[in-house]
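To start, the structure under review is shown below, and the notes come after it.
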Amino acid sequence: MLTISQLAAYAGVTVRAVRHYHRIGLLPEPERDRSGYRTYDAVAVGRLIRIRTLADAGVPLARVQELLAAGPEEFAGGVQEIDKALRAEIRRLQDTRSRLARLAAGEHLTLPQSVVDYLDRLRGLGVEERYIEMERDAWIMIAAQVPHSIDSVIAKKHEELDDPDMVQLYSLLSGALDWPADDPRIVEVADIMERLMVRAVEAGEVGTDDGIDDQFVDLLDSTTANSSPVAERLRAILEERGWRGWIRIERVPAERLNTELPPS
């Protein structure tokens with residue numbers, strides 16, 4: 001006969017585990033001998049080994065009793081059912097890990113891959129991280145508003161980056177956060193922005209349905225205008241020339257379309 005410590009050693013578990021199995025009814029608790037000790041036989045060793053094997057295989061302890069008492073067919077069916085539940089749990093954990101990875105990656109958590117790639121392209125052009133962070137925050141809101149069309153919007157933005165004027169605009173705006181409101185370069189930025197807006201009008205890209213409601217456009221416009229004194233000064237210059245709107249051009253000055261604008 002074996003003591004509880006000997007039983008645990010034979011089965012490869014701890015004494016604490018044996019006592020736990022006693023408490024939950026998995027392993028019958030033997031009577032005490034004359035000396036007050038519990039003793040175990042070979043049957044207890046075999047049962048404990050089966051319990052440990054099932055537990056190590058991932059079978060919940062609540063199901064171990066059922067499987068120990070099952071016949072071959074019931075046992076196989078029970079194992080398959082447990083395996084199915086474990087595979088579902090694995091998928092859930094893998095999804096959780098993916099979400100944590102996106103969280104660690106920062107932008108990937110709240111932005112689709114197309115926008116992340118676009119921001120990376122801006123970084124490749126030398127745009128400062130401070131400016132990219134401002135643009136990223138705007139794209140987070142836009143992507144939430146138009147999730148089904150954001151990829152096509154970004155595709156258009158990539159096309160715009162093939163325009164030297166757009167690259168020059170980003171080059172200037174990247175450092176504009178530190179400019180004073182009377183910096184002469186602000187007029188240069190306004191000239192570039194106007195050239196780009198004229199081209200957009202001539203290409204028929206103004207007034208199209210972008211899927212963004214007017215209130216949200218107003219929010220983005222005000223956020224942009226309040227980002228720095230430079231942005232407010234830019235808006236004032238463009239409004240003096242008859243243009244209005246950052247995200248969506250609301251008013252098109254016909255006389256400016258027929259005027260020769262400052263060259264690139």
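Following the order of the structure tokens, chains are lettered A, B, ..., residues in each are numbered from 1, and ligands are numbered from 1.
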
* Extract, using only C-alpha atoms, all DNA, RNA and protein residues at most 12 Å from segment 131-147 of chain A, discarding same-chain residues fewer than 6 positions from it, and format them as a ChimeraX atom specification. => /A:106-125,153-154,157,170-178,209-217,219-224,226-228,247

Check: Can you list, as a list in words, every protein, DNA or RNA residue that comes within 8 Å of Thr39 of chain A when you count only C-alpha atoms, leaving out same-chain residues fewer than 6 positions away?
Finding: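 Answer for this query is Met1, Leu2, Thr3, Ile4, Pro30, Glu31, Arg32 and Asp33 of chain A.
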
Between A:Asp191, A:Ile82, A:Leu196, A:Glu159, which has the minimum distance to Arg241 of chain A (counting only C-alpha atoms)?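 Nearest to Arg241 of chain A: A:Asp191.
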
Original post:
Which one of A:Arg47, A:Leu93, A:Leu238, A:Ser152 sits closest to Ile192 of chain A if you count only C-alpha atoms?
Top reply: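 Comparing A:Arg47, A:Leu93, A:Leu238, A:Ser152 against Ile192 of chain A, the winner is A:Leu238.
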
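Going from atom CA of Gln80 of chain A over to atom CA of Leu26 of chain A, you cover 21.3 Å.
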
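The closest residue to Val59 of chain A, picked from A:Asp151, A:Asp83, A:Asp41, A:Glu73 and counting only C-alpha atoms, is A:Asp83.
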